[in-house]
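Asks: Structure file final-v9.txt (compact mmCIF, C-alpha atoms) is given on the next line.
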```
# COMPACT_ATOMS: atom_id res chain seq x y z
CA MET A 1 202.49 99.72 131.50
CA ARG A 2 203.09 96.40 129.74
CA ARG A 3 206.70 96.46 130.91
CA LEU A 4 205.60 97.13 134.49
CA ALA A 5 203.03 94.34 134.31
CA TYR A 6 205.68 91.96 132.98
CA GLY A 7 208.07 92.97 135.77
CA TRP A 8 205.38 92.39 138.39
CA ARG A 9 204.57 88.93 137.03
CA LEU A 10 208.26 88.08 137.04
CA TRP A 11 208.64 89.35 140.62
CA LYS A 12 205.68 87.23 141.75
CA GLY A 13 207.37 84.24 140.16
CA TYR A 14 210.56 84.93 142.09
CA MET A 15 208.58 85.27 145.32
CA ARG A 16 206.89 81.95 144.66
CA ILE A 17 210.26 80.27 144.16
CA GLY A 18 211.59 81.85 147.35
CA PHE A 19 208.58 80.63 149.31
CA LEU A 20 208.94 77.10 147.92
CA LYS A 21 212.61 77.06 148.93
CA MET A 22 211.64 78.03 152.46
CA THR A 23 209.00 75.30 152.78
CA GLN A 24 211.12 72.67 151.03
CA TYR A 25 213.84 72.80 153.70
CA PRO A 26 212.04 73.35 157.03
CA ALA A 27 215.06 72.41 159.17
CA ASP A 28 217.30 74.88 157.34
CA THR A 29 214.58 77.51 157.63
CA SER A 30 214.28 76.96 161.36
CA ILE A 31 218.05 77.16 161.91
CA TRP A 32 218.30 80.34 159.82
CA LEU A 33 215.44 81.95 161.72
CA VAL A 34 216.84 81.04 165.13
CA SER A 35 220.33 82.28 164.23
CA MET A 36 218.89 85.57 162.99
CA LEU A 37 216.87 86.05 166.16
CA ILE A 38 219.90 85.23 168.33
CA ARG A 39 222.02 87.74 166.43
CA GLU A 40 219.46 90.51 166.81
CA ALA A 41 218.67 89.57 170.40
CA SER A 42 222.33 89.82 171.40
CA GLY A 43 222.48 93.42 170.23
CA PHE A 44 219.10 94.18 171.77
CA ILE A 45 220.11 92.74 175.14
CA GLY A 46 223.29 94.81 175.05
CA ILE A 47 221.34 98.01 174.47
CA LEU A 48 218.85 97.16 177.22
CA ALA A 49 221.68 96.35 179.62
CA ILE A 50 223.22 99.77 179.08
CA ALA A 51 219.85 101.47 179.36
CA GLY A 52 218.97 99.47 182.49
CA VAL A 53 222.15 100.51 184.28
CA THR A 54 221.94 104.17 183.33
CA GLY A 55 218.15 104.46 183.43
CA GLY A 56 218.07 105.18 179.72
CA ILE A 57 220.32 106.47 176.95
CA GLY A 58 220.40 110.23 176.79
CA SER A 59 216.82 111.48 176.85
CA TRP A 60 215.49 108.08 175.77
CA ASN A 61 214.00 105.72 178.32
CA VAL A 62 214.06 101.94 178.00
CA TYR A 63 210.70 101.67 176.20
CA GLU A 64 211.59 104.36 173.69
CA ILE A 65 214.82 102.52 172.97
CA CYS A 66 212.79 99.36 172.37
CA ILE A 67 210.71 101.26 169.82
CA LEU A 68 213.83 102.54 168.04
CA PHE A 69 215.48 99.12 167.98
CA SER A 70 212.37 97.31 166.74
CA MET A 71 211.78 99.86 163.96
CA CYS A 72 215.38 99.44 162.84
CA ALA A 73 215.11 95.63 162.95
CA VAL A 74 211.87 95.54 160.94
CA ILE A 75 213.48 97.44 158.05
CA GLU A 76 216.48 95.13 158.11
CA ALA A 77 214.18 92.08 158.07
CA ILE A 78 212.24 93.40 155.06
CA GLY A 79 215.52 94.01 153.23
CA GLN A 80 216.74 90.51 154.05
CA THR A 81 213.50 89.04 152.74
CA PHE A 82 213.28 90.73 149.35
CA PHE A 83 216.56 92.49 148.55
CA ASP A 84 219.32 90.44 150.15
CA SER A 85 220.57 89.29 146.75
CA VAL A 86 222.65 92.47 146.45
CA TRP A 87 225.14 90.74 148.74
CA GLU A 88 225.62 88.08 146.06
CA LEU A 89 226.82 90.61 143.49
CA ILE A 90 230.43 89.86 144.38
CA ASN A 91 229.98 86.20 143.35
CA MET A 92 227.80 87.01 140.35
CA ILE A 93 230.50 89.31 139.00
CA ARG A 94 233.51 87.21 140.00
CA TRP A 95 232.19 83.97 138.51
CA GLY A 96 230.48 85.49 135.48
CA ARG A 97 226.98 84.52 136.59
CA LEU A 98 225.82 87.99 135.64
CA ASP A 99 226.30 86.98 131.99
CA VAL A 100 223.19 84.82 132.22
CA TYR A 101 221.04 87.76 133.28
CA LEU A 102 222.35 89.91 130.42
CA THR A 103 221.04 87.40 127.87
CA ARG A 104 217.50 87.39 129.23
CA PRO A 105 214.74 89.81 128.14
CA ALA A 106 214.19 91.23 131.62
CA PRO A 107 215.76 94.01 133.70
CA VAL A 108 219.07 92.75 135.06
CA LEU A 109 218.58 94.31 138.50
CA LEU A 110 215.17 92.67 138.84
CA GLN A 111 216.74 89.31 138.08
CA VAL A 112 219.53 89.93 140.59
CA LEU A 113 217.09 90.88 143.35
CA GLY A 114 214.92 87.87 142.60
CA GLU A 115 217.81 85.40 142.84
CA TYR A 116 217.38 84.87 146.58
CA MET A 117 214.46 85.61 148.87
CA PHE A 118 214.54 84.72 152.53
CA PHE A 119 210.96 84.63 153.75
CA GLN A 120 212.28 83.41 157.09
CA ALA A 121 213.10 87.04 157.88
CA ILE A 122 209.43 87.98 157.54
CA LEU A 123 208.69 85.55 160.36
CA ALA A 124 211.21 87.43 162.51
CA THR A 125 209.29 90.67 162.01
CA VAL A 126 206.52 89.24 164.18
CA VAL A 127 208.91 89.37 167.13
CA TYR A 128 210.03 92.92 166.35
CA VAL A 129 206.47 94.16 165.84
CA GLY A 130 205.55 92.56 169.15
CA ILE A 131 208.38 94.44 170.89
CA PHE A 132 207.26 97.67 169.24
CA LEU A 133 203.61 97.26 170.31
CA TRP A 134 204.59 96.27 173.85
CA ALA A 135 206.87 99.29 174.26
CA ALA A 136 204.27 101.62 172.72
CA TRP A 137 201.67 100.30 175.18
CA GLN A 138 204.05 100.82 178.11
CA ILE A 139 204.50 104.52 177.33
CA GLY A 140 200.88 105.06 176.30
CA LEU A 141 201.67 105.90 172.69
CA SER A 142 198.48 106.51 170.71
CA PHE A 143 198.06 105.82 167.00
CA GLY A 144 195.99 108.33 165.10
CA GLY A 145 195.91 109.02 161.38
CA TYR A 146 199.21 110.90 161.42
CA GLU A 147 201.05 108.15 163.29
CA VAL A 148 199.72 105.42 160.99
CA LEU A 149 200.70 107.34 157.84
CA LEU A 150 204.11 108.10 159.34
CA LEU A 151 204.70 104.41 160.03
CA LEU A 152 203.67 103.44 156.50
CA GLU A 153 205.99 106.09 155.07
CA TYR A 154 208.80 104.87 157.31
CA LEU A 155 208.34 101.28 156.08
CA VAL A 156 208.55 102.30 152.42
CA CYS A 157 211.23 104.99 152.64
CA GLY A 158 213.28 103.14 155.26
CA THR A 159 213.40 100.02 153.10
CA ILE A 160 214.42 102.03 150.02
CA ILE A 161 217.17 103.86 151.91
CA ASN A 162 218.51 100.75 153.65
CA SER A 163 218.55 98.46 150.62
CA GLY A 164 219.59 101.29 148.27
CA ILE A 165 222.70 101.99 150.35
CA TYR A 166 223.59 98.29 150.37
CA LEU A 167 223.20 98.20 146.58
CA ILE A 168 225.42 101.25 146.14
CA PHE A 169 228.31 99.76 148.08
CA ASN A 170 227.92 96.26 146.66
CA CYS A 171 228.17 97.81 143.18
CA LEU A 172 231.80 98.58 144.03
CA ASN A 173 232.42 94.95 143.10
CA PHE A 174 232.23 96.04 139.45
CA TRP A 175 235.55 97.86 139.92
CA LEU A 176 237.20 96.44 143.06
CA ILE A 177 238.36 92.88 143.67
CA GLN A 178 237.09 92.91 147.26
CA GLY A 179 234.44 95.62 146.95
CA GLY A 180 232.14 93.63 149.19
CA ASP A 181 234.32 94.57 152.16
CA MET A 182 233.11 98.16 151.88
CA ALA A 183 229.50 96.99 151.97
CA VAL A 184 230.24 94.90 155.07
CA LEU A 185 231.81 97.96 156.69
CA VAL A 186 228.65 99.97 155.97
CA GLN A 187 226.54 97.17 157.45
CA THR A 188 228.70 97.27 160.56
CA CYS A 189 228.33 101.06 160.79
CA ARG A 190 224.58 100.49 160.72
CA GLU A 191 224.81 99.32 164.32
CA PHE A 192 225.18 102.98 165.31
CA VAL A 193 221.61 103.81 164.25
CA LYS A 194 220.19 101.26 166.66
CA TYR A 195 221.13 103.78 169.34
CA PRO A 196 219.74 107.33 169.65
CA LEU A 197 222.01 109.38 167.41
CA ASN A 198 221.80 112.41 169.68
CA VAL A 199 224.04 110.68 172.23
CA PHE A 200 226.90 110.69 169.71
CA PRO A 201 229.11 113.64 168.71
CA ALA A 202 227.76 116.04 166.10
CA ALA A 203 230.12 114.64 163.45
CA ILE A 204 228.60 111.16 163.75
CA GLN A 205 225.06 112.57 163.75
CA GLY A 206 225.85 114.54 160.60
CA PHE A 207 227.45 111.52 158.93
CA PHE A 208 224.38 109.33 159.42
CA THR A 209 222.09 112.17 158.33
CA TYR A 210 223.77 113.74 155.29
CA ILE A 211 226.48 111.34 154.09
CA LEU A 212 225.12 107.88 154.89
CA PRO A 213 221.46 108.67 155.69
CA LEU A 214 220.75 105.58 157.76
CA GLY A 215 219.32 107.86 160.42
CA PHE A 216 216.16 108.02 158.29
CA VAL A 217 215.77 104.24 158.48
CA ALA A 218 214.48 104.37 162.06
CA TYR A 219 215.97 107.13 164.24
CA TYR A 220 214.24 110.16 162.75
CA PRO A 221 210.90 108.35 162.20
CA ALA A 222 211.04 107.20 165.84
CA MET A 223 211.80 110.76 166.95
CA ALA A 224 208.77 112.03 165.04
CA LEU A 225 206.55 109.24 166.36
CA LEU A 226 207.58 109.96 169.94
CA GLY A 227 207.29 113.74 169.55
CA LYS A 228 210.99 114.30 170.19
CA THR A 229 211.71 116.54 167.20
CA ASP A 230 210.28 119.51 165.32
CA LEU A 231 211.95 118.48 162.07
CA PRO A 232 209.58 117.80 159.11
CA VAL A 233 210.49 114.11 159.12
CA ALA A 234 207.50 113.17 156.95
CA GLY A 235 208.92 115.38 154.20
CA LEU A 236 212.57 114.53 154.71
CA MET A 237 212.13 110.75 154.48
CA PRO A 238 210.98 110.66 150.83
CA LEU A 239 213.66 113.23 149.97
CA ALA A 240 216.37 111.01 151.43
CA ALA A 241 214.86 107.95 149.75
CA GLY A 242 214.76 109.76 146.41
CA VAL A 243 218.42 110.80 146.62
CA VAL A 244 219.52 107.27 147.53
CA THR A 245 217.42 105.80 144.70
CA LEU A 246 218.87 108.13 142.08
CA LEU A 247 222.42 107.52 143.27
CA ALA A 248 221.92 103.75 143.39
CA ALA A 249 220.38 103.71 139.89
CA LEU A 250 223.25 105.81 138.50
CA ILE A 251 226.00 103.68 140.05
CA TRP A 252 224.24 100.47 138.99
CA ARG A 253 223.96 101.61 135.37
CA VAL A 254 227.58 102.77 135.23
CA GLY A 255 228.77 99.56 136.86
CA LEU A 256 226.75 97.34 134.56
CA ARG A 257 228.12 99.13 131.50
CA SER A 258 231.66 98.59 132.73
CA TYR A 259 231.08 94.88 133.36
CA ASP A 260 233.15 92.78 130.96
CA SER A 261 232.58 89.29 132.37
CA THR A 262 235.40 87.16 133.81
CA GLY A 263 237.53 87.01 130.69
CA THR A 264 237.48 83.20 130.66
```
So, in terms of structure tokens, how does the structure I just supplied come out?
Replies:
Amino acid sequence: MRRLAYGWRLWKGYMRIGFLKMTQYPADTSIWLVSMLIREASGFIGILAIAGVTGGIGSWNVYEICILFSMCAVIEAIGQTFFDSVWELINMIRWGRLDVYLTRPAPVLLQVLGEYMFFQAILATVVYVGIFLWAAWQIGLSFGGYEVLLLLEYLVCGTIINSGIYLIFNCLNFWLIQGGDMAVLVQTCREFVKYPLNVFPAAIQGFFTYILPLGFVAYYPAMALLGKTDLPVAGLMPLAAGVVTLLAALIWRVGLRSYDSTGT
């Protein structure tokens, strides 16, 4: 318990530093936020354009697609806020910055995750939540106890799965010179799950369900929320999150043990 309490105090300290960075450079914060919104909006407009021409995508109408996209974007924004430091692993390893963390009396992964926090991304979630609520109102989606619990579970499990997968592939930097390229490739593949997976071939559906379970970040929770599936999504989400967590923890530990600094 004392170790957990210490970790929580340390995490609060990192969050405070991240918040101060955001408020210290308001112009930079504004530019970062606008660029993020433009990036997401470009993909969103593309999806809506396709749906508008065809009247939907598969069995999904325009409003249901808005719900799927916004749920996917919210998870990405949470990851960018609190866990985006995993993308800095390549520089931490290459330049020996990880050595500093190894000398401190705190979990190395906690220090890595606390290195950078982008609270600007939390501001972007307001837009995505607004899109979600608007689309839900358009289709008359009601929110009872089950729906609220499902959404809370999706936020927790989706964040764990999304950020855990990014950590797994960024850990390849412990062994590969350009291991970050694999993580970028995974991030690019993530664009698939912004669309209904059932419009893709079975091989792609299976890949994003069993191999790279990004389908549980938004697609399957959205299916359950909209009543489009009989799968026990509420039970499958924590299972997928648990598998990703165990795999990420194992690869992180093995990678950290193999780390031998820069040799300089």
Asks: Near region 210-218 of chain A, within 9 Å and counting only C-alpha atoms, which residues show up once chain neighbours fewer than 3 positions away are dropped, as a PyMOL selection string?
Replies: chain A and resi 68-73+75+154-155+157-162+165+186+190+193-194+197+205-207+221-223+233+236-237+240-241+244
Asks: Using only C-alpha atoms and a cutoff of 10 Å, can you tell me which residues are near (210.3, 91.7, 135.9) in the file's coordinates, and write them out as an mmCIF file with C-alpha atoms, keeping the file's coordinate frame?
Replies:
```
data_model
loop_
_atom_site.group_PDB
_atom_site.id
_atom_site.type_symbol
_atom_site.label_atom_id
_atom_site.label_comp_id
_atom_site.auth_asym_id
_atom_site.auth_seq_id
_atom_site.Cartn_x
_atom_site.Cartn_y
_atom_site.Cartn_z
ATOM 1 C CA ARG A 3 206.700 96.460 130.910
ATOM 2 C CA LEU A 4 205.600 97.130 134.490
ATOM 3 C CA ALA A 5 203.030 94.340 134.310
ATOM 4 C CA TYR A 6 205.680 91.960 132.980
ATOM 5 C CA GLY A 7 208.070 92.970 135.770
ATOM 6 C CA TRP A 8 205.380 92.390 138.390
ATOM 7 C CA ARG A 9 204.570 88.930 137.030
ATOM 8 C CA LEU A 10 208.260 88.080 137.040
ATOM 9 C CA TRP A 11 208.640 89.350 140.620
ATOM 10 C CA LYS A 12 205.680 87.230 141.750
ATOM 11 C CA GLY A 13 207.370 84.240 140.160
ATOM 12 C CA TYR A 14 210.560 84.930 142.090
ATOM 13 C CA PRO A 105 214.740 89.810 128.140
ATOM 14 C CA ALA A 106 214.190 91.230 131.620
ATOM 15 C CA PRO A 107 215.760 94.010 133.700
ATOM 16 C CA VAL A 108 219.070 92.750 135.060
ATOM 17 C CA LEU A 109 218.580 94.310 138.500
ATOM 18 C CA LEU A 110 215.170 92.670 138.840
ATOM 19 C CA GLN A 111 216.740 89.310 138.080
ATOM 20 C CA GLY A 114 214.920 87.870 142.600
#
```
Asks: Which distance in Å separates CA of Gly18 (chain A) and CA of Met117 (chain A), to one decimal?
Replies: 5.0 Å
Asks: Smallest atom-to-atom distance to Phe82 (chain A): which of A:Ser261, A:Ser163, A:Asn173, A:Thr209, using all atoms listed in the file?
Replies: A:Ser163
Asks: Work out how far CA of Arg257 (chain A) is from CA of Leu239 (chain A), in Å to one decimal.
Replies: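 Rounded to one decimal, the two atoms are 27.4 Å apart.
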Asks: How many Å separate CA of Ala248 (chain A) from CA of Val156 (chain A)?
Replies: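 Distance reported for this atom pair: 16.2 Å.
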Asks: Can region 65-76 of chain A be brought up to all heavy atoms and written out as a PDB file, in the frame of the given file?
Replies:
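Listing of rebuild10.pdb after writing:
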```pdb
ATOM      1  N   ILE A  65     213.721 103.220 173.627  1.00  0.00           N
ATOM      2  CA  ILE A  65     214.820 102.520 172.970  1.00  0.00           C
ATOM      3  C   ILE A  65     214.325 101.239 172.313  1.00  0.00           C
ATOM      4  O   ILE A  65     214.760 100.869 171.214  1.00  0.00           O
ATOM      5  CB  ILE A  65     215.940 102.220 173.990  1.00  0.00           C
ATOM      6  CG1 ILE A  65     216.583 103.528 174.447  1.00  0.00           C
ATOM      7  CG2 ILE A  65     216.997 101.296 173.389  1.00  0.00           C
ATOM      8  CD1 ILE A  65     217.493 103.371 175.630  1.00  0.00           C
ATOM      9  N   CYS A  66     213.395 100.556 172.967  1.00  0.00           N
ATOM     10  CA  CYS A  66     212.790  99.360 172.370  1.00  0.00           C
ATOM     11  C   CYS A  66     212.080  99.698 171.068  1.00  0.00           C
ATOM     12  O   CYS A  66     212.140  98.934 170.091  1.00  0.00           O
ATOM     13  CB  CYS A  66     211.805  98.728 173.345  1.00  0.00           C
ATOM     14  SG  CYS A  66     212.573  97.905 174.761  1.00  0.00           S
ATOM     15  N   ILE A  67     211.399 100.830 171.034  1.00  0.00           N
ATOM     16  CA  ILE A  67     210.710 101.260 169.820  1.00  0.00           C
ATOM     17  C   ILE A  67     211.715 101.527 168.708  1.00  0.00           C
ATOM     18  O   ILE A  67     211.546 101.088 167.559  1.00  0.00           O
ATOM     19  CB  ILE A  67     209.858 102.511 170.106  1.00  0.00           C
ATOM     20  CG1 ILE A  67     208.618 102.118 170.913  1.00  0.00           C
ATOM     21  CG2 ILE A  67     209.451 103.212 168.801  1.00  0.00           C
ATOM     22  CD1 ILE A  67     207.734 103.281 171.305  1.00  0.00           C
ATOM     23  N   LEU A  68     212.801 102.241 169.030  1.00  0.00           N
ATOM     24  CA  LEU A  68     213.830 102.540 168.040  1.00  0.00           C
ATOM     25  C   LEU A  68     214.456 101.264 167.505  1.00  0.00           C
ATOM     26  O   LEU A  68     214.609 101.092 166.285  1.00  0.00           O
ATOM     27  CB  LEU A  68     214.892 103.438 168.667  1.00  0.00           C
ATOM     28  CG  LEU A  68     216.139 103.723 167.820  1.00  0.00           C
ATOM     29  CD1 LEU A  68     215.755 104.407 166.519  1.00  0.00           C
ATOM     30  CD2 LEU A  68     217.144 104.566 168.601  1.00  0.00           C
ATOM     31  N   PHE A  69     214.825 100.356 168.396  1.00  0.00           N
ATOM     32  CA  PHE A  69     215.480  99.120 167.980  1.00  0.00           C
ATOM     33  C   PHE A  69     214.550  98.282 167.097  1.00  0.00           C
ATOM     34  O   PHE A  69     214.976  97.754 166.068  1.00  0.00           O
ATOM     35  CB  PHE A  69     215.907  98.311 169.193  1.00  0.00           C
ATOM     36  CG  PHE A  69     216.649  97.052 168.837  1.00  0.00           C
ATOM     37  CD1 PHE A  69     218.025  97.053 168.756  1.00  0.00           C
ATOM     38  CD2 PHE A  69     215.970  95.868 168.574  1.00  0.00           C
ATOM     39  CE1 PHE A  69     218.723  95.902 168.418  1.00  0.00           C
ATOM     40  CE2 PHE A  69     216.651  94.711 168.235  1.00  0.00           C
ATOM     41  CZ  PHE A  69     218.028  94.729 168.165  1.00  0.00           C
ATOM     42  N   SER A  70     213.300  98.140 167.499  1.00  0.00           N
ATOM     43  CA  SER A  70     212.370  97.310 166.740  1.00  0.00           C
ATOM     44  C   SER A  70     212.092  97.898 165.354  1.00  0.00           C
ATOM     45  O   SER A  70     211.994  97.152 164.372  1.00  0.00           O
ATOM     46  CB  SER A  70     211.063  97.113 167.506  1.00  0.00           C
ATOM     47  OG  SER A  70     210.444  98.356 167.787  1.00  0.00           O
ATOM     48  N   MET A  71     212.000  99.231 165.262  1.00  0.00           N
ATOM     49  CA  MET A  71     211.780  99.860 163.960  1.00  0.00           C
ATOM     50  C   MET A  71     212.975  99.621 163.041  1.00  0.00           C
ATOM     51  O   MET A  71     212.823  99.359 161.846  1.00  0.00           O
ATOM     52  CB  MET A  71     211.527 101.363 164.140  1.00  0.00           C
ATOM     53  CG  MET A  71     210.179 101.678 164.770  1.00  0.00           C
ATOM     54  SD  MET A  71     209.919 103.448 165.096  1.00  0.00           S
ATOM     55  CE  MET A  71     209.807 104.094 163.421  1.00  0.00           C
ATOM     56  N   CYS A  72     214.164  99.697 163.611  1.00  0.00           N
ATOM     57  CA  CYS A  72     215.380  99.440 162.840  1.00  0.00           C
ATOM     58  C   CYS A  72     215.424  97.977 162.378  1.00  0.00           C
ATOM     59  O   CYS A  72     215.766  97.683 161.234  1.00  0.00           O
ATOM     60  CB  CYS A  72     216.597  99.767 163.695  1.00  0.00           C
ATOM     61  SG  CYS A  72     218.148  99.850 162.791  1.00  0.00           S
ATOM     62  N   ALA A  73     215.056  97.060 163.255  1.00  0.00           N
ATOM     63  CA  ALA A  73     215.110  95.630 162.950  1.00  0.00           C
ATOM     64  C   ALA A  73     214.077  95.234 161.897  1.00  0.00           C
ATOM     65  O   ALA A  73     214.333  94.362 161.065  1.00  0.00           O
ATOM     66  CB  ALA A  73     214.902  94.823 164.219  1.00  0.00           C
ATOM     67  N   VAL A  74     212.907  95.859 161.926  1.00  0.00           N
ATOM     68  CA  VAL A  74     211.870  95.540 160.940  1.00  0.00           C
ATOM     69  C   VAL A  74     212.340  95.882 159.529  1.00  0.00           C
ATOM     70  O   VAL A  74     212.158  95.101 158.585  1.00  0.00           O
ATOM     71  CB  VAL A  74     210.559  96.292 161.268  1.00  0.00           C
ATOM     72  CG1 VAL A  74     209.618  96.295 160.071  1.00  0.00           C
ATOM     73  CG2 VAL A  74     209.874  95.648 162.467  1.00  0.00           C
ATOM     74  N   ILE A  75     212.974  97.049 159.369  1.00  0.00           N
ATOM     75  CA  ILE A  75     213.480  97.440 158.050  1.00  0.00           C
ATOM     76  C   ILE A  75     214.549  96.468 157.572  1.00  0.00           C
ATOM     77  O   ILE A  75     214.578  96.066 156.402  1.00  0.00           O
ATOM     78  CB  ILE A  75     214.042  98.875 158.096  1.00  0.00           C
ATOM     79  CG1 ILE A  75     212.925  99.882 158.378  1.00  0.00           C
ATOM     80  CG2 ILE A  75     214.738  99.217 156.775  1.00  0.00           C
ATOM     81  CD1 ILE A  75     211.832  99.918 157.336  1.00  0.00           C
ATOM     82  N   GLU A  76     215.430  96.080 158.471  1.00  0.00           N
ATOM     83  CA  GLU A  76     216.480  95.130 158.110  1.00  0.00           C
ATOM     84  C   GLU A  76     215.870  93.787 157.697  1.00  0.00           C
ATOM     85  O   GLU A  76     216.341  93.151 156.744  1.00  0.00           O
ATOM     86  CB  GLU A  76     217.435  94.927 159.292  1.00  0.00           C
ATOM     87  CG  GLU A  76     218.621  94.030 159.001  1.00  0.00           C
ATOM     88  CD  GLU A  76     219.668  94.685 158.127  1.00  0.00           C
ATOM     89  OE1 GLU A  76     219.511  95.873 157.774  1.00  0.00           O
ATOM     90  OE2 GLU A  76     220.653  94.005 157.774  1.00  0.00           O
TER      91      GLU A  76
END
```
